[in-house]
$ cat coords_6.tsv   # TSV, N, CA and C atoms
chain	number	residue	atom	x	y	z
A	1128	MET	N	114.97	100.76	90.17
A	1128	MET	CA	114.76	99.53	89.42
A	1128	MET	C	113.30	99.06	89.52
A	1129	LEU	N	112.72	99.21	90.70
A	1129	LEU	CA	111.33	98.80	90.89
A	1129	LEU	C	110.39	99.64	90.04
A	1130	THR	N	110.73	100.91	89.87
A	1130	THR	CA	109.89	101.79	89.04
A	1130	THR	C	109.91	101.34	87.58
A	1131	ILE	N	111.05	100.92	87.09
A	1131	ILE	CA	111.14	100.45	85.70
A	1131	ILE	C	110.33	99.17	85.52
A	1132	MET	N	110.40	98.28	86.50
A	1132	MET	CA	109.60	97.04	86.40
A	1132	MET	C	108.11	97.37	86.45
A	1133	ASP	N	107.74	98.37	87.23
A	1133	ASP	CA	106.34	98.75	87.32
A	1133	ASP	C	105.86	99.37	86.01
A	1134	LEU	N	106.70	100.13	85.35
A	1134	LEU	CA	106.33	100.68	84.04
A	1134	LEU	C	106.18	99.57	83.01
A	1135	ASN	N	106.97	98.54	83.13
A	1135	ASN	CA	106.81	97.37	82.26
A	1135	ASN	C	105.45	96.72	82.50
A	1136	GLY	N	105.02	96.69	83.74
A	1136	GLY	CA	103.70	96.14	84.07
A	1136	GLY	C	102.58	96.98	83.47
A	1137	VAL	N	102.75	98.30	83.45
A	1137	VAL	CA	101.73	99.17	82.86
A	1137	VAL	C	101.58	98.88	81.38
A	1138	VAL	N	102.69	98.77	80.69
A	1138	VAL	CA	102.65	98.48	79.26
A	1138	VAL	C	102.01	97.11	79.02
A	1139	SER	N	102.37	96.14	79.84
A	1139	SER	CA	101.81	94.79	79.68
A	1139	SER	C	100.30	94.76	79.88
A	1140	VAL	N	99.82	95.51	80.86
A	1140	VAL	CA	98.38	95.53	81.13
A	1140	VAL	C	97.63	96.16	79.96
A	1141	TYR	N	98.16	97.25	79.42
A	1141	TYR	CA	97.48	97.88	78.29
A	1141	TYR	C	97.50	96.99	77.05
A	1142	VAL	N	98.60	96.29	76.83
A	1142	VAL	CA	98.66	95.37	75.68
A	1142	VAL	C	97.68	94.21	75.87
A	1143	LEU	N	97.62	93.67	77.07
A	1143	LEU	CA	96.67	92.58	77.33
A	1143	LEU	C	95.23	93.04	77.17
A	1144	ALA	N	94.92	94.22	77.67
A	1144	ALA	CA	93.54	94.72	77.52
A	1144	ALA	C	93.20	94.92	76.06
A	1145	TRP	N	94.16	95.40	75.28
A	1145	TRP	CA	93.92	95.57	73.84
A	1145	TRP	C	93.70	94.21	73.17
A	1146	LEU	N	94.52	93.22	73.52
A	1146	LEU	CA	94.36	91.89	72.94
A	1146	LEU	C	93.03	91.26	73.34
A	1147	PHE	N	92.66	91.41	74.62
A	1147	PHE	CA	91.38	90.87	75.06
A	1147	PHE	C	90.23	91.53	74.33
A	1148	SER	N	90.32	92.85	74.11
A	1148	SER	CA	89.21	93.56	73.46
A	1148	SER	C	89.05	93.16	72.01
A	1149	ARG	N	90.10	92.67	71.40
A	1149	ARG	CA	89.99	92.23	70.01
A	1149	ARG	C	89.13	90.97	69.89
A	1150	TYR	N	89.17	90.12	70.90
A	1150	TYR	CA	88.43	88.86	70.83
A	1150	TYR	C	87.09	88.93	71.57
A	1151	GLU	N	87.09	89.57	72.72
A	1151	GLU	CA	85.85	89.68	73.50
A	1151	GLU	C	85.89	91.01	74.26
A	1152	PRO	N	85.11	91.99	73.82
A	1152	PRO	CA	85.16	93.31	74.46
A	1152	PRO	C	84.82	93.29	75.95
A	1153	ARG	N	83.96	92.38	76.36
A	1153	ARG	CA	83.63	92.30	77.78
A	1153	ARG	C	84.82	91.83	78.62
A	1154	ALA	N	85.70	91.06	78.02
A	1154	ALA	CA	86.88	90.57	78.74
A	1154	ALA	C	87.82	91.73	79.07
A	1155	ALA	N	87.86	92.72	78.22
A	1155	ALA	CA	88.71	93.89	78.48
A	1155	ALA	C	88.21	94.66	79.69
A	1156	LEU	N	86.91	94.60	79.96
A	1156	LEU	CA	86.37	95.30	81.13
A	1156	LEU	C	86.90	94.71	82.44
A	1157	TRP	N	87.24	93.44	82.42
A	1157	TRP	CA	87.82	92.82	83.62
A	1157	TRP	C	89.22	93.36	83.90
A	1158	MET	N	89.85	93.95	82.90
A	1158	MET	CA	91.18	94.53	83.08
A	1158	MET	C	91.11	95.97	83.58
A	1159	LEU	N	89.93	96.53	83.65
A	1159	LEU	CA	89.76	97.93	84.03
A	1159	LEU	C	90.40	98.28	85.38
A	1160	PRO	N	90.24	97.47	86.43
A	1160	PRO	CA	90.92	97.83	87.68
A	1160	PRO	C	92.44	97.92	87.54
A	1161	TYR	N	93.01	97.02	86.75
A	1161	TYR	CA	94.46	97.07	86.53
A	1161	TYR	C	94.85	98.28	85.70
A	1162	LEU	N	94.01	98.65	84.73
A	1162	LEU	CA	94.29	99.82	83.89
A	1162	LEU	C	94.28	101.10	84.71
A	1163	ILE	N	93.56	101.11	85.80
A	1163	ILE	CA	93.54	102.27	86.69
A	1163	ILE	C	94.64	102.17	87.74
A	1164	TRP	N	94.81	101.00	88.33
A	1164	TRP	CA	95.73	100.83	89.44
A	1164	TRP	C	97.20	100.89	89.04
A	1165	MET	N	97.58	100.28	87.96
A	1165	MET	CA	98.99	100.19	87.59
A	1165	MET	C	99.61	101.57	87.31
A	1166	PRO	N	98.99	102.45	86.52
A	1166	PRO	CA	99.60	103.77	86.34
A	1166	PRO	C	99.66	104.58	87.63
A	1167	LEU	N	98.64	104.41	88.48
A	1167	LEU	CA	98.64	105.12	89.76
A	1167	LEU	C	99.81	104.70	90.63
A	1168	THR	N	100.03	103.41	90.77
A	1168	THR	CA	101.14	102.94	91.60
A	1168	THR	C	102.49	103.28	90.96
A	1169	SER	N	102.56	103.26	89.64
A	1169	SER	CA	103.81	103.65	88.97
A	1169	SER	C	104.13	105.11	89.23
A	1170	ALA	N	103.12	105.96	89.17
A	1170	ALA	CA	103.35	107.38	89.43
A	1170	ALA	C	103.78	107.61	90.88
A	1171	LEU	N	103.16	106.91	91.81
A	1171	LEU	CA	103.54	107.06	93.21
A	1171	LEU	C	104.96	106.58	93.47
A	1172	LYS	N	105.34	105.46	92.87
A	1172	LYS	CA	106.69	104.95	93.05
A	1172	LYS	C	107.72	105.86	92.40
A	1173	ALA	N	107.40	106.41	91.23
A	1173	ALA	CA	108.31	107.34	90.57
A	1173	ALA	C	108.46	108.62	91.40
A	1174	TRP	N	107.36	109.10	91.95
A	1174	TRP	CA	107.40	110.29	92.80
A	1174	TRP	C	108.24	110.03	94.05
A	1175	TYR	N	108.07	108.87	94.65
A	1175	TYR	CA	108.85	108.50	95.83
A	1175	TYR	C	110.33	108.37	95.49
A	1176	TRP	N	110.63	107.82	94.31
A	1176	TRP	CA	112.02	107.66	93.87
A	1176	TRP	C	112.67	109.01	93.66
A	1177	VAL	N	111.94	109.96	93.08
A	1177	VAL	CA	112.47	111.31	92.85
A	1177	VAL	C	112.73	112.02	94.18
A	1178	LEU	N	111.84	111.82	95.14
A	1178	LEU	CA	112.02	112.46	96.44
A	1178	LEU	C	113.25	111.94	97.18
A	1179	ASN	N	113.59	110.69	96.96
A	1179	ASN	CA	114.76	110.15	97.63
A	1179	ASN	C	115.96	110.44	96.78

$ encode --input "coords_6.tsv" --output "structure tokens"
Amino acid sequence: MLTIMDLNGVVSVYVLAWLFSRYEPRAALWMLPYLIWMPLTSALKAWYWVLN
């Protein structure tokens, strides 16, 4: 269940970055750490879930 919620967070971050970039491209750069971190943590949680 936590993995599904994390994937929802990944989609939300990408949508927010896209919306921010439409109005102010520099604002999307502030989302860059989240754009890197969220897929990484989702992959780790999915990998951990598969192992269990």

$ residues_around --input "coords_6.tsv" --residues "Gly1136 (chain A)" --least-positions-apart "5" --cutoff "8 Å" --atoms "all atoms listed in the file" --output "list in words"
Thr1130, Ile1131, Tyr1141, Val1142, Met1165 and Pro1166 of chain A

$ atom_distance --input "coords_6.tsv" --atom1 "CA of Glu1151 (chain A)" --atom2 "CA of Val1137 (chain A)"
20.7 Å

$ atom_distance --input "coords_6.tsv" --atom1 "atom C of Pro1160 (chain A)" --atom2 "atom C of Trp1176 (chain A)"
23.9 Å

$ atom_distance --input "coords_6.tsv" --atom1 "atom N of Lys1172 (chain A)" --atom2 "atom C of Ala1144 (chain A)"
23.3 Å

$ axis_aligned_box --input "coords_6.tsv" --around "region 1137-1152 of chain A" --padding-each-side "6 Å" --output "lines of an AutoDock Vina configuration file"
center_x = 93.8
center_y = 94.0
center_z = 76.7
size_x = 29.9
size_y = 22.3
size_z = 25.6

$ decode --input "coords_6.tsv" --residues "chain A" --atoms "C-alpha atoms" --output "PDB file, in the first residue's frame"
ATOM      1  CA  MET A1128       0.000   0.000   0.000  1.00  0.00           C
ATOM      2  CA  LEU A1129       2.844   2.381   0.816  1.00  0.00           C
ATOM      3  CA  THR A1130       4.359   1.763  -2.618  1.00  0.00           C
ATOM      4  CA  ILE A1131       1.115   2.774  -4.334  1.00  0.00           C
ATOM      5  CA  MET A1132       0.937   5.977  -2.295  1.00  0.00           C
ATOM      6  CA  ASP A1133       4.553   6.703  -3.197  1.00  0.00           C
ATOM      7  CA  LEU A1134       3.807   6.258  -6.903  1.00  0.00           C
ATOM      8  CA  ASN A1135       0.961   8.727  -6.475  1.00  0.00           C
ATOM      9  CA  GLY A1136       3.514  11.156  -5.050  1.00  0.00           C
ATOM     10  CA  VAL A1137       5.755  10.685  -8.095  1.00  0.00           C
ATOM     11  CA  VAL A1138       2.919  11.543 -10.451  1.00  0.00           C
ATOM     12  CA  SER A1139       1.965  14.553  -8.324  1.00  0.00           C
ATOM     13  CA  VAL A1140       5.509  15.921  -8.313  1.00  0.00           C
ATOM     14  CA  TYR A1141       5.826  15.661 -12.090  1.00  0.00           C
ATOM     15  CA  VAL A1142       2.440  17.328 -12.607  1.00  0.00           C
ATOM     16  CA  LEU A1143       3.368  20.142 -10.219  1.00  0.00           C
ATOM     17  CA  ALA A1144       6.724  20.676 -11.914  1.00  0.00           C
ATOM     18  CA  TRP A1145       4.975  20.839 -15.279  1.00  0.00           C
ATOM     19  CA  LEU A1146       2.434  23.357 -13.953  1.00  0.00           C
ATOM     20  CA  PHE A1147       5.156  25.464 -12.350  1.00  0.00           C
ATOM     21  CA  SER A1148       7.172  25.471 -15.575  1.00  0.00           C
ATOM     22  CA  ARG A1149       4.211  26.819 -17.504  1.00  0.00           C
ATOM     23  CA  TYR A1150       4.137  29.977 -15.389  1.00  0.00           C
ATOM     24  CA  GLU A1151       7.726  30.389 -14.236  1.00  0.00           C
ATOM     25  CA  PRO A1152      10.451  28.065 -15.549  1.00  0.00           C
ATOM     26  CA  ARG A1153      12.758  28.871 -12.646  1.00  0.00           C
ATOM     27  CA  ALA A1154      10.107  27.663 -10.209  1.00  0.00           C
ATOM     28  CA  ALA A1155      10.259  24.210 -11.776  1.00  0.00           C
ATOM     29  CA  LEU A1156      13.959  24.057 -10.902  1.00  0.00           C
ATOM     30  CA  TRP A1157      13.011  24.143  -7.225  1.00  0.00           C
ATOM     31  CA  MET A1158      11.157  20.866  -7.818  1.00  0.00           C
ATOM     32  CA  LEU A1159      14.286  19.183  -9.181  1.00  0.00           C
ATOM     33  CA  PRO A1160      15.283  17.487  -5.889  1.00  0.00           C
ATOM     34  CA  TYR A1161      11.807  15.985  -5.627  1.00  0.00           C
ATOM     35  CA  LEU A1162      11.894  14.900  -9.275  1.00  0.00           C
ATOM     36  CA  ILE A1163      15.043  12.932  -8.474  1.00  0.00           C
ATOM     37  CA  TRP A1164      14.200  11.729  -4.971  1.00  0.00           C
ATOM     38  CA  MET A1165      10.617  10.506  -5.406  1.00  0.00           C
ATOM     39  CA  PRO A1166      11.258   7.951  -8.198  1.00  0.00           C
ATOM     40  CA  LEU A1167      14.342   6.722  -6.348  1.00  0.00           C
ATOM     41  CA  THR A1168      12.458   6.075  -3.120  1.00  0.00           C
ATOM     42  CA  SER A1169       9.548   4.529  -5.038  1.00  0.00           C
ATOM     43  CA  ALA A1170      11.906   2.107  -6.760  1.00  0.00           C
ATOM     44  CA  LEU A1171      13.546   1.180  -3.469  1.00  0.00           C
ATOM     45  CA  LYS A1172      10.205   0.593  -1.760  1.00  0.00           C
ATOM     46  CA  ALA A1173       8.928  -1.471  -4.692  1.00  0.00           C
ATOM     47  CA  TRP A1174      12.137  -3.523  -4.653  1.00  0.00           C
ATOM     48  CA  TYR A1175      11.797  -4.068  -0.904  1.00  0.00           C
ATOM     49  CA  TRP A1176       8.131  -5.048  -1.335  1.00  0.00           C
ATOM     50  CA  VAL A1177       9.036  -7.615  -4.016  1.00  0.00           C
ATOM     51  CA  LEU A1178      11.746  -9.094  -1.806  1.00  0.00           C
ATOM     52  CA  ASN A1179       9.290  -9.630   1.016  1.00  0.00           C
TER      53      ASN A1179
END
